[in-house]
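Novice: Here you go, query16.txt (compact mmCIF, C-alpha atoms and all ligand atoms):
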# COMPACT_ATOMS: atom_id res chain seq x y z
CA MET V 17 -21.86 19.16 -2.96
CA SER V 18 -21.04 16.01 -1.13
CA PHE V 19 -18.06 15.68 1.17
CA LYS V 20 -16.21 12.46 1.82
CA ASN V 21 -17.02 11.07 5.24
CA PHE V 22 -14.13 8.71 5.60
CA PRO V 23 -13.29 6.38 8.46
CA MET V 24 -9.99 6.41 10.32
CA VAL V 25 -8.13 3.73 12.25
CA PRO V 26 -9.75 3.98 15.71
CA ARG V 27 -6.83 2.65 17.76
CA VAL V 28 -3.09 3.15 17.36
CA LEU V 29 -0.17 2.13 19.49
CA TYR V 30 3.24 3.66 18.85
CA GLY V 31 6.72 2.96 20.19
CA HIS V 32 9.74 0.68 20.15
CA GLY V 33 8.60 -2.68 21.47
CA SER V 34 4.89 -1.70 21.37
CA SER V 35 4.08 -4.76 19.23
CA GLN V 36 4.61 -6.94 22.30
CA GLN V 37 1.39 -5.49 23.65
CA ILE V 38 -0.55 -7.46 21.04
CA GLU V 39 -1.28 -10.22 23.56
CA GLU V 40 -3.42 -7.98 25.80
CA ILE V 41 -5.09 -6.48 22.72
CA VAL V 42 -6.23 -9.82 21.29
CA GLU V 43 -7.28 -11.37 24.62
CA PRO V 44 -10.78 -9.78 24.75
CA LEU V 45 -11.41 -10.93 21.15
CA ARG V 46 -11.35 -14.57 22.20
CA LYS V 47 -14.63 -14.28 24.16
CA ASN V 48 -16.54 -16.16 21.45
CA GLY V 49 -14.10 -19.09 21.50
CA TYR V 50 -12.98 -18.73 17.89
CA PRO V 51 -9.26 -18.61 17.12
CA VAL V 52 -7.12 -15.57 16.43
CA ILE V 53 -5.30 -15.83 13.11
CA TYR V 54 -1.88 -14.28 12.59
CA PHE V 55 -0.61 -13.51 9.11
CA ALA V 56 3.13 -13.02 8.78
CA ASP V 57 5.30 -12.39 5.74
CA HIS V 58 7.02 -15.64 4.74
CA CYS V 59 10.41 -13.95 5.22
CA PHE V 60 9.80 -14.18 8.99
CA LYS V 61 9.67 -18.02 9.05
CA GLY V 62 11.86 -19.15 11.95
CA LYS V 63 12.68 -15.56 12.93
CA SER V 64 12.23 -13.97 16.35
CA LEU V 65 9.23 -11.96 15.16
CA VAL V 66 7.28 -15.19 14.71
CA GLN V 67 8.56 -16.68 17.96
CA ASN V 68 7.14 -13.61 19.73
CA ILE V 69 3.64 -14.00 18.30
CA PRO V 70 1.43 -14.91 21.29
CA ALA V 71 -0.53 -17.64 19.46
CA LYS V 72 -2.58 -19.83 21.84
CA LYS V 73 -3.49 -23.45 21.23
CA ASN V 74 -6.21 -23.17 18.59
CA ASP V 75 -4.82 -20.00 17.05
CA LYS V 76 -3.00 -20.22 13.74
CA ILE V 77 -0.04 -18.49 12.13
CA VAL V 78 -0.36 -18.30 8.35
CA PHE V 79 2.73 -17.39 6.34
CA ILE V 80 1.99 -15.13 3.41
CA ASP V 81 4.05 -15.50 0.26
CA THR V 82 4.80 -11.96 -0.90
CA THR V 83 6.95 -12.86 -3.90
CA GLU V 84 4.18 -11.44 -6.06
CA GLU V 85 1.66 -8.67 -5.47
CA PRO V 86 -1.49 -9.92 -3.70
CA LYS V 87 -4.08 -11.51 -5.96
CA THR V 88 -7.82 -11.89 -5.52
CA SER V 89 -7.32 -15.66 -5.94
CA ASP V 90 -4.83 -15.70 -3.00
CA VAL V 91 -7.33 -13.87 -0.81
CA ASP V 92 -10.19 -16.21 -1.79
CA LYS V 93 -8.07 -19.28 -1.10
CA ILE V 94 -6.91 -18.12 2.33
CA ARG V 95 -10.51 -17.22 3.21
CA ASP V 96 -11.81 -20.60 2.02
CA ASP V 97 -9.11 -22.46 3.98
CA LEU V 98 -9.86 -20.54 7.17
CA LYS V 99 -13.58 -21.11 6.77
CA SER V 100 -13.22 -24.84 6.21
CA GLU V 101 -10.78 -25.23 9.10
CA PHE V 102 -12.44 -22.98 11.70
CA GLY V 103 -15.84 -21.83 10.43
CA LYS V 104 -15.37 -18.44 12.03
CA VAL V 105 -12.39 -16.56 13.42
CA SER V 106 -12.15 -13.94 16.19
CA GLY V 107 -9.81 -11.71 14.29
CA ILE V 108 -6.81 -11.48 12.00
CA ILE V 109 -3.53 -9.80 12.91
CA GLY V 110 -1.13 -9.07 10.04
CA TYR V 111 2.65 -8.59 10.36
CA GLY V 112 4.41 -7.37 7.23
CA GLY V 113 4.71 -4.73 4.54
CA GLY V 114 1.97 -3.45 2.28
CA SER V 115 1.22 -6.86 0.73
CA VAL V 116 0.56 -8.60 4.04
CA LEU V 117 -1.37 -5.63 5.40
CA ASP V 118 -3.56 -5.56 2.31
CA ILE V 119 -4.15 -9.32 2.43
CA THR V 120 -5.08 -9.02 6.10
CA LYS V 121 -7.66 -6.35 5.31
CA ALA V 122 -9.00 -8.24 2.30
CA VAL V 123 -9.35 -11.62 4.04
CA SER V 124 -11.03 -9.97 7.01
CA LEU V 125 -13.63 -8.47 4.65
CA MET V 126 -14.08 -11.68 2.68
CA MET V 127 -14.81 -13.70 5.84
CA THR V 128 -18.20 -11.93 5.93
CA ASN V 129 -18.87 -11.10 2.28
CA GLU V 130 -19.98 -13.83 -0.13
CA GLY V 131 -18.26 -14.70 -3.40
CA SER V 132 -14.88 -13.75 -4.76
CA SER V 133 -12.87 -10.71 -3.70
CA ALA V 134 -12.71 -9.88 -7.43
CA ASP V 135 -16.42 -9.00 -7.21
CA TYR V 136 -15.58 -6.20 -4.79
CA GLN V 137 -12.70 -4.49 -6.59
CA GLY V 138 -13.83 -0.91 -6.83
CA TRP V 139 -15.40 1.70 -4.61
CA ASP V 140 -17.89 0.90 -1.84
CA LEU V 141 -18.96 -2.52 -3.09
CA ILE V 142 -18.35 -4.31 0.24
CA GLN V 143 -21.70 -4.95 1.96
CA ASN V 144 -20.80 -6.28 5.42
CA GLU V 145 -18.35 -5.33 8.11
CA GLY V 146 -15.36 -7.71 8.13
CA VAL V 147 -13.95 -9.56 11.12
CA TYR V 148 -11.67 -7.69 13.54
CA HIS V 149 -8.33 -6.93 11.88
CA ALA V 150 -5.14 -5.37 13.17
CA GLY V 151 -2.06 -4.32 11.20
CA ILE V 152 1.54 -4.32 12.40
CA PRO V 153 3.85 -2.90 9.70
CA THR V 154 7.35 -4.33 9.41
CA LEU V 155 8.23 -2.11 6.45
CA SER V 156 7.29 1.57 6.17
CA GLY V 157 6.02 3.59 3.28
CA THR V 158 2.94 2.15 1.63
CA GLY V 159 0.44 3.79 3.97
CA ALA V 160 -1.51 0.50 3.91
CA GLU V 161 -1.68 0.73 7.69
CA VAL V 162 -3.93 3.76 7.46
CA SER V 163 -5.71 3.51 4.10
CA ARG V 164 -9.33 2.60 3.30
CA THR V 165 -8.30 0.25 0.54
CA CYS V 166 -6.44 -3.00 -0.01
CA VAL V 167 -5.04 -3.34 -3.49
CA LEU V 168 -5.45 -6.66 -5.29
CA THR V 169 -4.66 -7.98 -8.73
CA GLY V 170 -7.73 -9.70 -10.11
CA PRO V 171 -8.62 -11.50 -13.33
CA GLU V 172 -9.67 -8.23 -14.99
CA ARG V 173 -7.90 -5.43 -13.17
CA LYS V 174 -5.61 -4.29 -10.42
CA LEU V 175 -7.81 -2.34 -8.05
CA GLY V 176 -8.47 -2.15 -4.33
CA LEU V 177 -11.41 -3.07 -2.17
CA ASN V 178 -12.15 0.53 -1.21
CA SER V 179 -14.73 0.69 1.55
CA ASP V 180 -15.58 2.12 4.95
CA PHE V 181 -15.07 -1.38 6.37
CA THR V 182 -11.53 -1.74 5.03
CA PRO V 183 -9.42 0.25 7.56
CA PHE V 184 -7.84 -1.63 10.43
CA ASN V 185 -9.50 -1.75 13.84
CA GLN V 186 -6.08 -1.48 15.40
CA VAL V 187 -2.62 -0.53 14.17
CA ILE V 188 0.61 -1.01 16.05
CA LEU V 189 3.50 1.17 14.92
CA ASP V 190 6.65 -0.39 16.32
CA PRO V 191 9.70 1.03 14.51
CA SER V 192 11.96 -1.68 15.89
CA LEU V 193 10.19 -4.19 13.59
CA THR V 194 11.46 -2.35 10.51
CA LEU V 195 15.15 -2.41 11.44
CA ASP V 196 16.01 -5.64 9.61
CA ALA V 197 14.30 -4.98 6.27
CA PRO V 198 16.59 -5.40 3.23
CA LYS V 199 18.01 -2.02 2.23
CA GLU V 200 16.79 -1.98 -1.36
CA GLN V 201 13.28 -3.15 -0.52
CA ALA V 202 13.08 -0.54 2.24
CA PHE V 203 14.14 2.13 -0.24
CA PHE V 204 11.48 1.26 -2.83
CA THR V 205 8.79 1.11 -0.16
CA GLY V 206 9.98 4.42 1.31
CA MET V 207 9.78 5.96 -2.15
CA ASP V 208 6.15 4.84 -2.34
CA CYS V 209 5.58 7.22 0.57
CA TYR V 210 7.57 10.01 -1.06
CA ILE V 211 5.58 9.62 -4.28
CA HIS V 212 2.29 9.64 -2.33
CA CYS V 213 3.34 13.05 -0.98
CA ILE V 214 4.32 14.50 -4.36
CA GLU V 215 1.20 13.21 -6.11
CA SER V 216 -1.08 14.39 -3.34
CA LEU V 217 0.51 17.82 -2.93
CA ASN V 218 0.54 18.45 -6.69
CA GLY V 219 -2.97 17.15 -7.30
CA THR V 220 -6.13 19.08 -8.08
CA TYR V 221 -7.95 17.26 -5.24
CA LEU V 222 -5.66 18.88 -2.69
CA ASN V 223 -7.27 20.58 0.28
CA ALA V 224 -6.00 21.88 3.63
CA PHE V 225 -6.66 18.52 5.29
CA SER V 226 -4.54 16.42 2.92
CA LYS V 227 -2.02 19.22 2.53
CA SER V 228 -1.25 19.35 6.24
CA TYR V 229 -0.47 15.62 6.32
CA GLY V 230 1.30 15.61 2.96
CA GLU V 231 3.61 18.46 3.92
CA LYS V 232 4.65 16.76 7.15
CA ALA V 233 5.28 13.47 5.36
CA LEU V 234 7.29 15.19 2.63
CA GLU V 235 9.36 17.06 5.21
CA LEU V 236 10.20 13.75 6.90
CA CYS V 237 11.05 12.07 3.57
CA LYS V 238 13.39 14.90 2.62
CA LYS V 239 15.07 14.72 6.01
CA ILE V 240 15.56 10.95 5.70
CA TYR V 241 16.55 10.73 2.04
CA LEU V 242 18.22 14.06 1.26
CA GLU V 243 19.44 15.81 4.39
CA LYS V 244 20.75 13.10 6.68
CA SER V 245 24.10 11.52 6.05
CA GLU V 246 23.16 8.11 7.40
CA TRP V 247 20.18 5.82 7.63
CA ASP V 248 19.80 5.31 11.38
CA GLU V 249 17.25 4.34 14.01
CA GLU V 250 15.68 7.79 13.87
CA SER V 251 15.18 7.31 10.11
CA HIS V 252 13.09 4.21 10.85
CA GLU V 253 10.94 6.17 13.29
CA ASP V 254 10.58 9.09 10.88
CA LEU V 255 9.71 6.89 7.91
CA MET V 256 7.08 5.06 9.94
CA MET V 257 5.39 8.37 10.69
CA ALA V 258 5.93 9.66 7.15
CA SER V 259 4.14 6.57 5.87
CA TRP V 260 1.23 7.25 8.22
CA HIS V 261 0.98 10.91 7.26
CA GLY V 262 1.39 10.17 3.55
CA GLY V 263 -1.46 7.66 3.81
CA MET V 264 -3.62 10.22 5.61
CA SER V 265 -2.83 12.77 2.92
CA ILE V 266 -3.99 10.55 0.04
CA ALA V 267 -7.03 9.44 2.05
CA TYR V 268 -8.59 12.83 1.45
CA SER V 269 -7.01 13.49 -1.93
CA GLN V 270 -5.65 10.89 -4.35
CA VAL V 271 -2.45 9.61 -5.89
CA GLY V 272 -1.50 10.48 -9.47
CA ILE V 273 0.31 9.55 -12.65
CA ALA V 274 3.15 7.39 -11.30
CA HIS V 275 0.62 5.26 -9.45
CA ALA V 276 -1.66 4.88 -12.46
CA LEU V 277 1.29 3.75 -14.60
CA SER V 278 2.65 1.53 -11.84
CA TYR V 279 -0.64 -0.37 -11.65
CA GLY V 280 -0.28 -1.24 -15.34
CA LEU V 281 3.34 -2.34 -14.89
CA SER V 282 2.34 -4.50 -12.02
CA TYR V 283 -0.66 -6.04 -13.77
CA VAL V 284 1.18 -7.05 -16.93
CA LEU V 285 4.76 -7.54 -15.73
CA GLY V 286 4.17 -8.45 -12.09
CA ILE V 287 6.36 -5.57 -10.93
CA LYS V 288 6.04 -4.73 -7.24
CA HIS V 289 4.19 -1.56 -6.36
CA GLY V 290 7.13 0.36 -4.90
CA VAL V 291 9.46 -0.62 -7.75
CA GLY V 292 6.83 0.18 -10.39
CA ASN V 293 6.26 3.60 -8.88
CA CYS V 294 9.97 4.35 -9.08
CA ILE V 295 10.25 3.11 -12.69
CA ALA V 296 7.33 5.33 -13.68
CA PHE V 297 8.15 8.37 -11.54
CA ASP V 298 11.71 8.49 -12.90
CA LYS V 299 10.29 9.18 -16.39
CA ILE V 300 7.56 11.75 -15.77
CA GLU V 301 9.55 14.85 -14.98
CA GLU V 302 7.26 17.07 -17.08
CA TYR V 303 4.38 16.33 -14.71
CA TYR V 304 6.23 16.58 -11.40
CA PRO V 305 9.43 18.56 -12.15
CA GLU V 306 10.60 19.30 -8.63
CA GLY V 307 9.51 15.96 -7.20
CA VAL V 308 11.30 13.96 -9.89
CA ARG V 309 14.44 16.10 -9.59
CA ASP V 310 14.70 15.34 -5.85
CA PHE V 311 13.81 11.71 -6.48
CA LYS V 312 16.79 11.32 -8.79
CA LYS V 313 19.05 12.73 -6.07
CA MET V 314 17.67 10.22 -3.58
CA VAL V 315 18.22 7.31 -5.95
CA GLU V 316 21.79 8.41 -6.52
CA LYS V 317 22.51 8.96 -2.85
CA PHE V 318 21.19 5.54 -1.85
CA GLU V 319 22.89 3.88 -4.83
CA VAL V 320 19.78 2.08 -5.95
CA GLU V 321 19.32 0.75 -9.47
CA ILE V 322 15.97 1.57 -11.09
CA PRO V 323 15.12 -1.15 -13.65
CA LYS V 324 15.25 0.14 -17.23
CA ASN V 325 14.07 -0.89 -20.70
CA ILE V 326 11.38 -3.07 -19.22
CA CYS V 327 8.78 -2.30 -21.89
CA VAL V 328 10.92 -2.87 -24.99
CA ASN V 329 9.94 -6.49 -25.53
CA LEU V 330 6.25 -6.20 -24.81
CA SER V 331 3.80 -7.58 -27.35
CA ASP V 332 1.03 -5.31 -28.64
CA ASP V 333 -1.51 -7.17 -26.52
CA GLU V 334 0.55 -6.71 -23.39
CA MET V 335 1.08 -3.03 -24.07
CA ASN V 336 -2.62 -2.51 -24.78
CA LYS V 337 -3.58 -4.24 -21.55
CA MET V 338 -1.09 -2.13 -19.60
CA VAL V 339 -2.50 1.06 -21.11
CA GLU V 340 -6.04 -0.09 -20.38
CA VAL V 341 -5.27 -0.86 -16.70
CA ALA V 342 -3.64 2.55 -16.23
CA LEU V 343 -6.32 4.50 -18.10
CA GLU V 344 -9.12 2.91 -16.09
CA LEU V 345 -7.96 4.71 -12.94
CA HIS V 346 -9.97 7.85 -13.62
CA PRO V 347 -9.69 9.48 -10.18
CA LEU V 348 -5.88 9.31 -10.35
CA TRP V 349 -5.76 11.07 -13.73
CA GLU V 350 -8.33 13.60 -12.68
CA ASN V 351 -6.40 14.38 -9.52
CA ALA V 352 -3.19 14.81 -11.48
CA LEU V 353 -4.52 16.78 -14.45
CA GLY V 354 -7.89 18.24 -13.50
CA LYS V 355 -11.46 17.73 -14.69
CA ASN V 356 -10.53 17.92 -18.36
CA TRP V 357 -7.82 15.25 -18.04
CA ARG V 358 -9.22 13.34 -21.00
CA GLU V 359 -8.14 16.15 -23.29
CA LYS V 360 -4.55 15.61 -22.13
CA ILE V 361 -4.33 11.87 -21.72
CA ASN V 362 -5.37 9.02 -24.01
CA GLU V 363 -4.16 5.56 -25.05
CA LYS V 364 -1.44 7.06 -27.21
CA THR V 365 0.05 9.36 -24.57
CA ILE V 366 0.08 6.59 -21.98
CA ARG V 367 1.72 4.24 -24.43
CA GLU V 368 4.43 6.81 -25.10
CA LEU V 369 5.08 7.14 -21.37
CA TYR V 370 5.45 3.36 -21.05
CA GLU V 371 7.81 3.25 -24.03
CA ARG V 372 10.27 5.43 -22.08
CA MET V 373 10.50 2.91 -19.22
ZN ZN V 401 1.49 3.70 -3.32
Starting from the file, give its structure as C-alpha cells.
Ligand code: ZN
Specialist:
Amino acid sequence: MSFKNFPMVPRVLYGHGSSQQIEEIVEPLRKNGYPVIYFADHCFKGKSLVQNIPAKKNDKIVFIDTTEEPKTSDVDKIRDDLKSEFGKVSGIIGYGGGSVLDITKAVSLMMTNEGSSADYQGWDLIQNEGVYHAGIPTLSGTGAEVSRTCVLTGPERKLGLNSDFTPFNQVILDPSLTLDAPKEQAFFTGMDCYIHCIESLNGTYLNAFSKSYGEKALELCKKIYLEKSEWDEESHEDLMMASWHGGMSIAYSQVGIAHALSYGLSYVLGIKHGVGNCIAFDKIEEYYPEGVRDFKKMVEKFEVEIPKNICVNLSDDEMNKMVEVALELHPLWENALGKNWREKINEKTIRELYERM
C-alpha cells in the first residue's frame, strides 16, 4: 500500500487588502538581480489592480488573454518570450482566476524544464523545480490556488501538469480582489467549487482527510448559494475559503463525472471549465441525485442560463474526440464509480450523456 505524500502551499496570507503586502514578499527574491514577472488577467488592463502592482524598473507585467482556456502553446510562447528577453527570472506572480493561476504555475515550471509543456501533461512528469511562483486569486472557486496541477489544453489532450513542483510557493487570499468580478462568471466559477465538493464527497476515493475539507466547503457553498438572501461581502470571503477547502478536498481524493465530461466539452468546443462543469452536472442527476437537485435550485435562484443543445450539431469526429478525451481520465471515473468503472462506462454511455447536453 502506498499513500500519497502530497505537497501543500507553504505560505498563505489572508485578509482584505492583504495583496498589498506583495511588495515585501517579492523583495527578497530580487537578490539575484533577475526581474520579477507579474501575470495579470487582460481584463485588469488600466484598472487599479494593475496600478497597485509594485513592479520595479526591470520587472514586467504580462497581460494574459483568458478568452480561451489555457493552451500548452500559450505557455510555451510566454516561456520562450521571457527567456529571450531576460534569460532568467526571479519569480512569477499571477493575478487572476483559474486560467491565470494555472498559466503562472505552468510557465514557472517550464522556465526550468526543457521542451514543450505538452510533453509534461500527465502525472509526475516534471523533472525540475520551477522558478518561485505566487498566486493571487481574483475569482474564487477553481481551487487552482491550492492544487498540485495546472490544467492545459494540448495538441492531443486536455490534462494538467500534475507534480510535486506545481503548487504555489505563496498564495495571497484577498477577498476584496474578487468584489468586481462579473456576476455570471463568478457564479460559474463558484459552481466549480460546489461540484468539486459533490464529486469528492460522493467518490470512492473519499477518506477522512478529504471529507473534512469537502464538508466545510460544501457547507459554505450551501450558505452562499442556497441559504443567504443576498450575495454580499461575506459571500466573497466565504467563497474564497470554500474554494481553498474544496481544492484541499480533491487534493487527497479526486473529481468525478462532471469534470471528465467538462474536459471533453472544453477540448472540442472550447467551453470554459466552470461553464462546462455546469452543462454536464445539470444532466447527470442519476449519478449525483442530491447534488444536482441543489444545483438546479442554485441556478434558478441566481437566474443563470446554462447553455443547452450544444452537442446537437457535432460531427462524428468531434463527438468521438470528445468521448475519447473524457474517457481517458481514468482516475476521475474510478473515483466516481469504483474499481470496476469500466463495466459501467464506455464510449457509448459517454456519448449518450453528451447527447443530452
Ligand atoms: Zn474544477
Novice: Show me, as a tab-separated table, the residues of chain V having an atom within 9 Å of ligand ZN 401 (chain V), each with the closest atom pair and its distance in Å, using only C-alpha atoms and all ligand atoms.
Specialist:
residue	atom	partner	partner_atom	distance
V:Gly157	CA	V:ZN401	ZN	8.0
V:Thr158	CA	V:ZN401	ZN	5.4
V:Gly159	CA	V:ZN401	ZN	7.4
V:Ala160	CA	V:ZN401	ZN	8.5
V:Thr205	CA	V:ZN401	ZN	8.4
V:Met207	CA	V:ZN401	ZN	8.7
V:Asp208	CA	V:ZN401	ZN	4.9
V:Cys209	CA	V:ZN401	ZN	6.7
V:Ile211	CA	V:ZN401	ZN	7.3
V:His212	CA	V:ZN401	ZN	6.1
V:Gly263	CA	V:ZN401	ZN	8.7
V:Val271	CA	V:ZN401	ZN	7.6
V:Ala274	CA	V:ZN401	ZN	8.9
V:His275	CA	V:ZN401	ZN	6.4
V:Ser278	CA	V:ZN401	ZN	8.9
V:His289	CA	V:ZN401	ZN	6.6
V:Gly290	CA	V:ZN401	ZN	6.7
V:Asn293	CA	V:ZN401	ZN	7.3
Novice: Emit the selected residues as an mmCIF file, in the frame of the given file, including C-alpha atoms.
Specialist:
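Okay, this is what ended up in selection-v2.cif:
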data_model
loop_
_atom_site.group_PDB
_atom_site.id
_atom_site.type_symbol
_atom_site.label_atom_id
_atom_site.label_comp_id
_atom_site.auth_asym_id
_atom_site.auth_seq_id
_atom_site.Cartn_x
_atom_site.Cartn_y
_atom_site.Cartn_z
ATOM 1 C CA GLY V 157 6.020 3.590 3.280
ATOM 2 C CA THR V 158 2.940 2.150 1.630
ATOM 3 C CA GLY V 159 0.440 3.790 3.970
ATOM 4 C CA ALA V 160 -1.510 0.500 3.910
ATOM 5 C CA THR V 205 8.790 1.110 -0.160
ATOM 6 C CA MET V 207 9.780 5.960 -2.150
ATOM 7 C CA ASP V 208 6.150 4.840 -2.340
ATOM 8 C CA CYS V 209 5.580 7.220 0.570
ATOM 9 C CA ILE V 211 5.580 9.620 -4.280
ATOM 10 C CA HIS V 212 2.290 9.640 -2.330
ATOM 11 C CA GLY V 263 -1.460 7.660 3.810
ATOM 12 C CA VAL V 271 -2.450 9.610 -5.890
ATOM 13 C CA ALA V 274 3.150 7.390 -11.300
ATOM 14 C CA HIS V 275 0.620 5.260 -9.450
ATOM 15 C CA SER V 278 2.650 1.530 -11.840
ATOM 16 C CA HIS V 289 4.190 -1.560 -6.360
ATOM 17 C CA GLY V 290 7.130 0.360 -4.900
ATOM 18 C CA ASN V 293 6.260 3.600 -8.880
#
Novice: Go ahead and find all residues with at least one atom no further than 8 Å from (-12.7, 5.8, 2.1) in the file's coordinates, using all atoms listed in the file; report them as a list in words.
Specialist: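 The distance filter leaves exactly Lys20, Asn21, Phe22, Pro23, Ser163, Arg164, Thr165, Asn178, Ser179, Asp180 and Ala267 of chain V.
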Novice: Give, as JSON, the centre coordinates and the x, y and z edge lengths in Å to one decimal for an axis-aligned box around all listed atoms of segment 87-105 of chain V, padded by 8 Å on each side.
Specialist:
{"center_x": -10.0, "center_y": -18.4, "center_z": 3.7, "size_x": 27.8, "size_y": 29.7, "size_z": 35.4}
Novice: In Å, with one decimal, what is the gap from atom CA of Val284 of chain V to atom CA of Glu130 of chain V?
Specialist: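 That distance, rounded to one decimal, is 27.9 Å.
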Novice: Out of V:Lys239, V:Lys76, V:Lys360, V:His149, which residue has the shortest atom-to-atom distance to Ile53 of chain V when counting only C-alpha atoms?
Specialist: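 Looking at the shortest contact to Ile53 of chain V, the residue is V:Lys76.
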Novice: To one decimal place, how far is atom CA of Pro191 of chain V from atom CA of Pro70 of chain V in Å?
Specialist: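 Atom CA of Pro70 of chain V lies 19.2 Å from atom CA of Pro191 of chain V.
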Novice: Between atom CA of Thr83 of chain V and atom CA of Tyr30 of chain V, what is the distance in Å, rounded to a tenth?
Specialist: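 Rounded to one decimal, the two atoms are 28.4 Å apart.
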Novice: What's the 12 Å shell around Val339 of chain V, counting only C-alpha atoms, without same-chain residues fewer than 6 positions away, as a VMD selection string?
Specialist: chain V and resid 173 276 to 284 327 330 332 to 333 345 361 to 371
Novice: Would you list the contacts of segment 352-355 of chain V as a list in words, taking every protein, DNA or RNA residue within 9 Å and counting all atoms listed in the file, but skipping same-chain residues closer than 6 positions in sequence?
Specialist: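 In the requested form, the answer reads Glu215, Ser216, Asn218, Gly219, Thr220, Tyr221, Gln270, Val271, Gly272, Ile273, Tyr303 and Ile361 of chain V.
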Novice: Give the answer as one residue: which of V:Leu193, V:Leu285, V:Ile108, V:Leu125 has the shortest atom-to-atom distance to Lys63 of chain V, using only C-alpha atoms?
Specialist: V:Leu193
Novice: Write out, as CSV, each residue of segment 82-169 of chain V that has an atom at most 8 Å from segment 196-204 of chain V, together with the closest pair of atoms and their distance in Å to one decimal, counting all atoms listed in the file, rows going by chain and rising number.
Specialist:
residue,atom,partner,partner_atom,distance
V:Thr154,CA,V:Ala197,CA,7.7
V:Leu155,CA,V:Ala202,CA,6.6
V:Ser156,CA,V:Ala202,CA,7.3
Novice: Smallest atom-to-atom distance to Gly307 of chain V: which of V:Ile240, V:Val320, V:Leu217, V:Leu348, using all atoms listed in the file?
Specialist: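 Comparing V:Ile240, V:Val320, V:Leu217, V:Leu348 against Gly307 of chain V, the winner is V:Leu217.
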